[in-house]
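To keep things clear, I will list the structure first and then write my remarks on it.
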Amino acid sequence: MSKPVVAIPCDFREFDGNVWHVAAHQYVRAAVEGAGLMVFLVPALETGNDVDEILDRVDGVLASGARSNVHPSLYGREASEADGPFDPGRDATSLPLIRRALDRGVPLFAICRGIQELNVALGGTLASEIQEQPGIWDHRKPEVPDLDVAYGIRQDVVVKEGSCLAPVLGTGRVRVNSLHRQAIGAAAPRLAVEAVADDGTIEAVSVIGAKAFAVGVQWHPEYWVRTDAPSAALFKAFGDAARAYCESKAS
């Protein structure tokens with residue numbers, strides 16, 4: 001049997017005057033090593049991507065984290081500079097890919113920016129600079145040069161009993177590395193809340209009635225997939241779903 005392939009939408013970035021379609025290595029590595037998949041990087045084009053043609057060739061979609069934020073106009077808000085940086089090509093690539101993957105039953109795993117894209121794609125809103133809201137912790141990534149420290153596992157989330165993540169992570173408290181200054185505001189009607197932080201921040205969701213694995217997490221399981229059991233379990237579950245989808249196409 002062919003090894004399953006996962007699509008990862010790229011970011012559109014500029015380096016030294018040239019523009020690039022890029023994906024962070026930690027997500028690619030986790031898909032390959034943690035989920036046992038091959039990777040297809042999807043260019044961040046504002047026009048020109050054919051979503052169904054892409055999905056015909058893959059067995060899963062991994063919507064990764066990124067430095068940019070979903071543009072507020074996509075969830076009914078005016079944008080300010082404080083909401084940025086933005087990436088119109090990433091928005092135009094990821095959101096349609098997420099919607100169509102759900103329509104077709106292609107497994108979906110959405111991380112950090114990805115969970116926010118998932119919520120917006122299904123009609124939800126985002127909250128910006130959540131650390132400025134009363135009672136909300138500062139979830140932002142520490143500005144330190146050592147990435148192992150910056151991505152350190154230091155916060156609990158509570159996985160709800162009976163949720164679809166419970167068989168993967170267990171119920172109750174799970175230690176994670178949640179790093180963000182935006183979060184889900186109003187959850188989309190099709191999303192079920194799977195896990196929350198102690199300050200009430202939504203940290204994981206699933207798609208109600210999804211035809212396959214369709215989960216979003218606000219934290220970064222990709223970074224510690226080699227050594228952290230909950231991180232590894234999430235990627236294994238995604239990889240298993242992609243393999244099942246691949247097998248169903250071959251039968």
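Labels used: A, B, ... for chains in the order of the structure tokens, numbers from 1 for residues in each chain, and numbers from 1 for ligands as shown.
When DSSP is run on the backbone, the residues of segment 134-231 of chain A that fall into helix (DSSP H, G or I) are Leu147, Asp148, Val149, Ala150, Ala166, Pro167, Val168, Leu169, Ala229, Pro230 and Ser231 of chain A.
With only C-alpha atoms taken into account, the protein and nucleic acid residues at most 10 Å from Arg57 of chain A (excluding it and anything under 2 positions from it in its own chain) are A:Pro4, A:Val5, A:Val6, A:Ala7, A:Phe40, A:Asp52, A:Glu53, A:Ile54, A:Leu55, A:Asp59, A:Gly60.
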### Message
Under the rule that only C-alpha atoms are counted, which of A:Lys141, A:Val149, A:Arg77, A:Pro230 is the nearest residue to Arg173 of chain A?
### Response
A:Pro230
### Task
Could you find all residues in segment 21-171 of chain A that DSSP calls strand (DSSP E) from the backbone, and write them as a list of chain:residue names?
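For segment 21-171 of chain A, the strand (DSSP E) set is A:His21, A:Val22, A:Met38, A:Val39, A:Phe40, A:Leu41, A:Val42, A:Gly60, A:Val61, A:Leu62, A:Ala63, A:Leu108, A:Phe109, A:Ala110, A:Ile111, A:Leu126, A:Ala127, A:Gln155, A:Asp156, A:Val157, A:Val158, A:Val159.
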### Query
If we count only C-alpha atoms, what is near Asp240 of chain A at a cut-off of 12 Å, once residues fewer than 3 positions away on the same chain are taken out, given as a PyMOL selection string?
chain A and resi 3-6+31+34-37+59-60+107-109+168+212-213+233-237+243-247
Restrict the calculation to only C-alpha atoms, then for each residue of segment 86-121 of chain A with any atom at most 9 Å from an atom of segment 187-192 of chain A give the closest atom pair and their distance in Å to one decimal, rows by chain and rising residue number, as JSON lines.
{"residue": "A:Leu118", "atom": "CA", "partner": "A:Ala188", "partner_atom": "CA", "distance": 8.7}
{"residue": "A:Asn119", "atom": "CA", "partner": "A:Ala188", "partner_atom": "CA", "distance": 5.6}
{"residue": "A:Val120", "atom": "CA", "partner": "A:Ala188", "partner_atom": "CA", "distance": 7.3}
{"residue": "A:Ala121", "atom": "CA", "partner": "A:Ala188", "partner_atom": "CA", "distance": 8.5}
Closest atom pairs, residues of segment 176-217 of chain A within 8 Å of segment 129-132 of chain A, only C-alpha atoms, as a Markdown table:
| residue | atom | partner | partner_atom | distance |
| --- | --- | --- | --- | --- |
| A:Arg181 | CA | A:Glu129 | CA | 5.0 |
| A:Gln182 | CA | A:Glu129 | CA | 5.7 |
| A:Ala183 | CA | A:Ile130 | CA | 7.1 |
### Query
Out of A:Ser128, A:Val144, A:Glu117, A:Val174, which residue has the shortest atom-to-atom distance to Ser80 of chain A when counting only C-alpha atoms?
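Using only C-alpha atoms, Ser80 of chain A sits closest to A:Ser128.
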### Message
Let me make sure I understand: among A:Thr47, A:Gly216, A:Thr93, A:Pro72, which one has the smallest atom-to-atom distance to Asp11 of chain A if we use only C-alpha atoms?
### Response
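Ranking A:Thr47, A:Gly216, A:Thr93, A:Pro72 by distance to Asp11 of chain A, first place goes to A:Thr93.
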### Task
Excluding Ala30 of chain A and any residue of its chain fewer than 6 positions from it, enumerate the residues within 8 Å of it, using only C-alpha atoms, and give them as an MDAnalysis selection string.
chainID A and resid 222:223 225 235
Taking C-alpha atoms for each residue, export the selection above as a compact mmCIF listing (two decimals), in the first residue's frame.
# COMPACT_ATOMS: atom_id res chain seq x y z
CA GLU A 222 4.39 18.95 16.70
CA TYR A 223 7.36 20.36 18.63
CA VAL A 225 6.23 14.68 19.11
CA PHE A 235 -0.07 12.67 15.65
### Shortest interatomic distance to Leu97 of chain A - which of A:Val19, A:Cys112, A:Cys10, A:Val158, counting only C-alpha atoms
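The answer is A:Cys10, which sits nearest to Leu97 of chain A.
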### Query
For Pro142 of chain A, which of A:Gln116, A:Ser178, A:Ser163, A:Thr125 is the closest residue, counting only C-alpha atoms?
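Among the listed residues, A:Ser178 lies closest to Pro142 of chain A.
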### Task
Report the distance between atom CA of Asp198 of chain A and atom CA of Asp156 of chain A in Å, rounded to one decimal place.
7.4 Å
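Restricting the calculation to only C-alpha atoms, the smallest distance between Arg175 of chain A and any of A:Gln155, A:Asn18, A:Gln26, A:Ser206 is found for A:Gln155.
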### Query
For the atom pair atom CA of Asn69 of chain A and atom CA of Asp91 of chain A, what is the interatomic distance in Å to one decimal place?
8.8 Å
